[in-house]
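S.K.: Data: structure-v9.cif, mmCIF, C-alpha atoms.
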```cif
data_input
#
loop_
_atom_site.label_atom_id
_atom_site.label_comp_id
_atom_site.auth_asym_id
_atom_site.auth_seq_id
_atom_site.Cartn_x
_atom_site.Cartn_y
_atom_site.Cartn_z
CA MET A 1 101.78 68.90 122.41
CA ALA A 2 98.49 68.90 120.53
CA ILE A 3 95.59 70.79 122.06
CA ASN A 4 92.40 68.79 122.25
CA ARG A 5 89.49 70.65 120.68
CA LYS A 6 85.85 69.81 120.25
CA ALA A 7 83.69 71.77 117.82
CA GLU A 8 79.96 71.57 117.29
CA ASP A 9 77.40 73.57 115.37
CA ARG A 10 74.66 75.16 117.48
CA GLU A 11 72.02 77.87 117.43
CA ILE A 12 71.41 80.94 119.59
CA ARG A 13 67.73 81.78 120.06
CA TYR A 14 66.77 85.35 120.88
CA GLY A 15 62.96 85.35 120.77
CA ASN A 16 62.03 84.59 117.16
CA THR A 17 65.58 85.19 115.92
CA VAL A 18 67.80 82.15 115.38
CA ILE A 19 71.53 82.71 114.88
CA PRO A 20 73.76 79.73 113.98
CA TYR A 21 77.16 79.50 115.63
CA ARG A 22 80.03 77.10 116.09
CA LEU A 23 81.16 76.26 119.62
CA ILE A 24 84.84 75.36 119.93
CA ARG A 25 86.01 73.93 123.23
CA SER A 26 89.69 73.65 124.09
CA LYS A 27 91.62 72.42 127.13
CA ARG A 28 93.75 75.56 127.04
CA GLY A 29 91.03 77.82 125.69
CA SER A 30 89.67 81.12 126.92
CA TYR A 31 86.25 82.69 126.47
CA SER A 32 85.65 84.66 123.28
CA ILE A 33 82.97 85.41 120.68
CA GLN A 34 84.09 86.19 117.14
CA ILE A 35 81.88 87.18 114.23
CA SER A 36 83.29 87.37 110.72
CA VAL A 37 82.08 87.28 107.13
CA GLU A 38 83.97 84.08 106.38
CA LYS A 39 83.19 81.99 109.45
CA GLY A 40 80.05 83.52 110.92
CA VAL A 41 79.71 83.31 114.70
CA ILE A 42 82.45 81.44 116.58
CA VAL A 43 82.20 80.90 120.36
CA ARG A 44 85.32 79.61 122.13
CA SER A 45 85.42 78.27 125.67
CA PRO A 46 87.42 75.95 127.94
CA MET A 47 86.49 72.27 127.67
CA ARG A 48 84.54 72.01 130.94
CA THR A 49 82.48 75.18 130.70
CA SER A 50 78.92 74.53 131.86
CA GLU A 51 75.92 75.01 129.59
CA LEU A 52 74.48 77.49 132.10
CA PHE A 53 77.59 79.67 131.92
CA LEU A 54 77.63 79.57 128.12
CA GLN A 55 74.00 80.59 127.89
CA ARG A 56 74.52 83.40 130.37
CA MET A 57 77.49 84.69 128.34
CA LEU A 58 75.44 84.62 125.13
CA ASP A 59 72.52 86.37 126.83
CA GLU A 60 74.77 89.14 128.18
CA LYS A 61 76.17 89.74 124.68
CA GLU A 62 72.79 89.59 122.94
CA ASN A 63 72.72 93.17 121.64
CA TRP A 64 76.30 93.02 120.37
CA ILE A 65 75.81 89.60 118.75
CA ARG A 66 72.60 90.69 117.04
CA ARG A 67 74.20 93.88 115.70
CA LYS A 68 77.41 92.27 114.45
CA TYR A 69 75.55 89.33 112.91
CA GLU A 70 73.27 91.72 111.03
CA GLU A 71 76.34 93.60 109.78
CA VAL A 72 77.92 90.34 108.59
CA CYS A 73 74.75 89.28 106.79
CA ALA A 74 74.52 92.69 105.11
CA CYS A 75 78.16 92.47 104.07
CA ARG A 76 77.59 89.03 102.55
CA GLU A 77 74.59 90.39 100.69
CA ARG A 78 76.71 93.18 99.25
CA MET A 79 79.32 90.68 98.19
CA LEU A 80 76.71 88.60 96.38
CA HIS A 81 75.48 91.68 94.53
CA SER A 82 78.83 93.36 94.09
CA VAL A 83 79.18 95.87 91.27
CA TYR A 84 82.49 94.19 90.46
CA THR A 85 82.82 90.99 88.49
CA PRO A 86 85.08 88.28 89.99
CA GLU A 87 87.76 89.25 87.48
CA GLU A 88 87.52 92.90 88.49
CA GLN A 89 87.69 91.98 92.17
CA GLU A 90 90.86 89.99 91.57
CA GLU A 91 92.41 92.89 89.66
CA LEU A 92 91.54 95.30 92.48
CA LYS A 93 93.10 92.94 94.99
CA LYS A 94 96.34 92.85 92.96
CA ILE A 95 96.44 96.64 92.94
CA TYR A 96 95.98 96.87 96.70
CA VAL A 97 98.54 94.13 97.36
CA ARG A 98 101.14 95.97 95.26
CA ALA A 99 100.39 99.19 97.13
CA ALA A 100 100.62 97.39 100.48
CA LYS A 101 104.04 95.94 99.63
CA ASP A 102 105.30 99.46 99.07
CA TYR A 103 103.48 101.19 101.94
CA PHE A 104 103.82 98.83 104.92
CA PRO A 105 107.65 98.78 105.03
CA LYS A 106 107.59 102.59 105.26
CA ARG A 107 105.17 102.58 108.20
CA VAL A 108 107.02 99.76 109.94
CA TRP A 109 110.30 101.65 109.55
CA TYR A 110 108.72 104.81 110.96
CA TYR A 111 107.43 103.08 114.08
CA VAL A 112 110.54 100.95 114.58
CA ASN A 113 112.28 104.23 115.28
CA GLN A 114 109.66 105.22 117.86
CA ILE A 115 110.46 102.19 120.04
CA THR A 116 113.56 101.54 122.14
CA TRP A 117 114.96 98.11 121.35
CA ASP A 118 117.22 95.99 123.54
CA PRO A 119 120.34 94.72 121.74
CA ASP A 120 119.14 91.10 122.02
CA GLU A 121 115.92 92.05 120.20
CA LEU A 122 117.83 93.03 117.05
CA LEU A 123 118.53 90.30 114.52
CA PRO A 124 122.22 89.98 113.49
CA GLU A 125 121.38 89.50 109.81
CA THR A 126 119.25 92.65 109.52
CA GLY A 127 120.15 94.84 112.49
CA LEU A 128 116.41 95.25 112.95
CA PRO A 129 113.89 93.63 115.34
CA TYR A 130 112.20 91.87 112.39
CA ARG A 131 113.43 89.80 109.45
CA THR A 132 110.85 90.28 106.70
CA ILE A 133 107.46 91.88 106.00
CA SER A 134 104.79 89.78 104.33
CA ILE A 135 101.50 90.94 102.77
CA ARG A 136 98.83 88.27 103.04
CA ASP A 137 95.16 87.57 102.49
CA GLN A 138 94.52 86.60 106.09
CA LYS A 139 90.95 85.52 106.81
CA THR A 140 90.77 86.08 110.56
CA ARG A 141 93.68 88.40 111.34
CA TRP A 142 94.76 91.91 110.45
CA GLY A 143 98.36 91.15 111.24
CA SER A 144 100.71 88.72 112.92
CA CYS A 145 104.24 88.49 114.28
CA SER A 146 106.03 85.16 114.07
CA GLY A 147 108.76 83.93 116.38
CA ARG A 148 111.04 83.82 113.36
CA GLY A 149 110.84 87.55 112.83
CA THR A 150 108.23 87.85 110.08
CA LEU A 151 105.66 90.63 110.30
CA SER A 152 102.54 89.83 108.25
CA PHE A 153 99.78 92.27 107.36
CA ASN A 154 96.39 91.85 105.71
CA TRP A 155 96.26 93.71 102.38
CA ARG A 156 92.71 94.89 103.22
CA LEU A 157 94.26 97.32 105.70
CA MET A 158 94.93 99.50 102.65
CA LEU A 159 91.18 100.20 102.77
CA VAL A 160 91.13 101.58 106.33
CA PRO A 161 92.04 105.08 107.55
CA PRO A 162 95.86 105.45 107.75
CA ARG A 163 95.72 105.96 111.52
CA VAL A 164 94.01 102.58 111.91
CA LEU A 165 96.59 100.88 109.70
CA ASP A 166 99.30 102.42 111.87
CA TYR A 167 97.68 100.89 114.95
CA VAL A 168 98.07 97.40 113.47
CA VAL A 169 101.71 98.14 112.63
CA VAL A 170 102.42 99.23 116.21
CA HIS A 171 100.45 96.27 117.59
CA GLU A 172 102.60 93.76 115.71
CA LEU A 173 105.88 95.51 116.46
CA CYS A 174 105.06 95.43 120.17
CA HIS A 175 104.54 91.68 119.88
CA ILE A 176 108.27 91.40 119.25
CA LYS A 177 108.74 92.47 122.84
CA HIS A 178 105.70 90.66 124.25
CA MET A 179 104.35 87.63 122.37
CA ASN A 180 101.04 87.83 124.22
CA HIS A 181 98.33 90.31 125.15
CA SER A 182 99.48 90.83 128.71
CA PRO A 183 99.15 94.17 130.57
CA GLU A 184 102.82 94.79 129.72
CA PHE A 185 102.03 94.38 126.04
CA TRP A 186 99.23 96.97 126.11
CA LYS A 187 101.41 99.36 128.11
CA GLN A 188 104.02 99.09 125.36
CA VAL A 189 101.40 99.82 122.70
CA GLU A 190 100.11 102.79 124.67
CA SER A 191 103.61 104.20 125.12
CA VAL A 192 103.92 104.45 121.34
CA MET A 193 100.29 105.26 120.54
CA PRO A 194 98.36 106.76 123.47
CA ASP A 195 95.04 106.74 121.56
CA TYR A 196 95.36 103.12 120.36
CA GLN A 197 92.01 102.14 121.93
CA GLU A 198 90.09 104.51 119.64
CA ARG A 199 91.89 103.18 116.57
CA ARG A 200 91.38 99.60 117.69
CA ARG A 201 87.68 100.28 118.22
CA TRP A 202 87.29 101.50 114.64
CA LEU A 203 88.74 98.24 113.34
CA LYS A 204 86.42 96.16 115.49
CA GLU A 205 83.36 98.09 114.42
CA HIS A 206 84.12 98.35 110.70
CA GLY A 207 86.43 95.45 109.91
CA ASN A 208 83.65 93.33 108.43
CA GLU A 209 82.95 96.02 105.86
CA LEU A 210 86.31 95.62 104.12
CA TYR A 211 85.08 93.29 101.42
CA PHE A 212 84.06 94.03 97.88
#
```
As structure tokens - that is how I would like this structure written.
M.R.:
Amino acid sequence: MAINRKAEDREIRYGNTVIPYRLIRSKRGSYSIQISVEKGVIVRSPMRTSELFLQRMLDEKENWIRRKYEEVCACRERMLHSVYTPEEQEELKKIYVRAAKDYFPKRVWYYVNQITWDPDELLPETGLPYRTISIRDQKTRWGSCSGRGTLSFNWRLMLVPPRVLDYVVVHELCHIKHMNHSPEFWKQVESVMPDYQERRRWLKEHGNELYF
């Protein structure tokens, strides 16, 4: 069944500062604020959320929104004045993608052996809980786990500290057991990686910097 969505472009006003954002309403939506280099500020909310509630949410997150938006703008500025030509950027990307295709299967294999798998979680054709590993140029995700058994990872993770990359690997492997972000899911992540919150925090704070 299709999910009805309504999107509109708006502005947040903090004193003399005006920050553009896109509001996306959805019947099955939840509240979230995302800020990325590609899409700017995205606010998601259920369809019937009141204007008063939205404004209050934006006011409460003012400091965070200001800081992250400034980081995004600075990142875009660096991209516009990059020391690399477009051709050089493409060549660098190819190098990192090749490295990722070699490195990620090794880290996935390592952490697969740190998790106890039920027999029905193992695929008959591979004997593993996943079918394939894909390296992608994802714009809004660091990784994903499909219902068909494909683990996908963003090649830009080759630019982060190894311990942070490992967190994304564990995160996606745990989605095989829990295809959600329920308390049970986070307990599973923590059982494999007790300090996952610190690693996750690094990615949230520095993820927008991973662009040439």
S.K.: So which one's closest to Arg56 of chain A, A:Arg163, A:Lys94, A:Gly127, A:Ile12? Using all atoms listed in the file, please.
M.R.: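 For Arg56 of chain A, the nearest of the given residues is A:Ile12.
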S.K.: Report the residues retrieved by the PyMOL selection byres ((chain A and resi 170) around 10) from the displayed file, expressed as a list in words.
M.R.: Arg107, Val108, Tyr110, Tyr111, Val112, Gln114, Ile115, Leu165, Asp166, Tyr167, Val168, Val169, His171, Glu172, Leu173, Cys174, His175, Gln188, Val189, Glu190, Val192, Met193 and Tyr196 of chain A
S.K.: Which residues match the PyMOL selection byres ((chain A and resi 119-121) around 9) in the file above, as a VMD selection string?
M.R.: chain A and resid 117 to 118 122 to 123 128 to 130 176 to 177
S.K.: Please report the interatomic distance between atom CA of Leu210 of chain A and atom CA of Arg22 of chain A in Å with one decimal.
M.R.: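 Separation between atom CA of Leu210 of chain A and atom CA of Arg22 of chain A: 22.9 Å.
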S.K.: If you apply the PyMOL selection byres ((chain A and resi 23-29) around 12) to this file, what residues do you get, as an MDAnalysis selection string?
M.R.: chainID A and resid 1:12 20:22 30:34 39:51 54:55 58
S.K.: For Trp155 of chain A, list every protein, DNA or RNA residue within 12 Å, evaluated using all atoms listed in the file, and leave out those in the same chain fewer than 2 positions away; present the list as number ranges by chain.
M.R.: A: 92-104, 133-139, 141-143, 152-153, 157-160, 165, 168, 210-211
S.K.: Take the residues just selected and output them with C-alpha atoms as a tab-separated table (two decimals), in the frame of the given file.
M.R.:
```tsv
chain	number	residue	atom	x	y	z
A	92	LEU	CA	91.54	95.30	92.48
A	93	LYS	CA	93.10	92.94	94.99
A	94	LYS	CA	96.34	92.85	92.96
A	95	ILE	CA	96.44	96.64	92.94
A	96	TYR	CA	95.98	96.87	96.70
A	97	VAL	CA	98.54	94.13	97.36
A	98	ARG	CA	101.14	95.97	95.26
A	99	ALA	CA	100.39	99.19	97.13
A	100	ALA	CA	100.62	97.39	100.48
A	101	LYS	CA	104.04	95.94	99.63
A	102	ASP	CA	105.30	99.46	99.07
A	103	TYR	CA	103.48	101.19	101.94
A	104	PHE	CA	103.82	98.83	104.92
A	133	ILE	CA	107.46	91.88	106.00
A	134	SER	CA	104.79	89.78	104.33
A	135	ILE	CA	101.50	90.94	102.77
A	136	ARG	CA	98.83	88.27	103.04
A	137	ASP	CA	95.16	87.57	102.49
A	138	GLN	CA	94.52	86.60	106.09
A	139	LYS	CA	90.95	85.52	106.81
A	141	ARG	CA	93.68	88.40	111.34
A	142	TRP	CA	94.76	91.91	110.45
A	143	GLY	CA	98.36	91.15	111.24
A	152	SER	CA	102.54	89.83	108.25
A	153	PHE	CA	99.78	92.27	107.36
A	157	LEU	CA	94.26	97.32	105.70
A	158	MET	CA	94.93	99.50	102.65
A	159	LEU	CA	91.18	100.20	102.77
A	160	VAL	CA	91.13	101.58	106.33
A	165	LEU	CA	96.59	100.88	109.70
A	168	VAL	CA	98.07	97.40	113.47
A	210	LEU	CA	86.31	95.62	104.12
A	211	TYR	CA	85.08	93.29	101.42
```
S.K.: Go through A:His181, A:Pro124, A:Ser146, A:Ile35 one by one, measure the shortest atom-to-atom distance of each to Ile65 of chain A using all atoms listed in the file, and give the residue with the smallest value.
M.R.: A:Ile35
S.K.: Atom CA of Ala74 of chain A to atom CA of Glu88 of chain A: how many Å, to one decimal?
M.R.: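 Distance between the two atoms: 21.1 Å.
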S.K.: Could you check how far atom CA of Gly149 of chain A sits from atom CA of Arg131 of chain A, in Å to one decimal?
M.R.: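 About the pair atom CA of Gly149 of chain A and atom CA of Arg131 of chain A: they are 4.8 Å apart.
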S.K.: So that I can check the surroundings of Gly15 of chain A, please list as a list in words every protein, DNA and RNA residue that reaches within 12 Å of it, counting all atoms listed in the file and ignoring chain neighbours fewer than 2 positions away.
M.R.: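 Skipping anything fewer than 2 positions along the chain leaves Ile12, Arg13, Thr17, Val18, Ile19, Asp59, Glu62 and Arg66 of chain A.
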S.K.: Lys68 of chain A: which residues within 9 Å, counting only C-alpha atoms, same-chain residues fewer than 5 positions away excluded, as a VMD selection string?
M.R.: chain A and resid 35 to 36 63 73 205 208
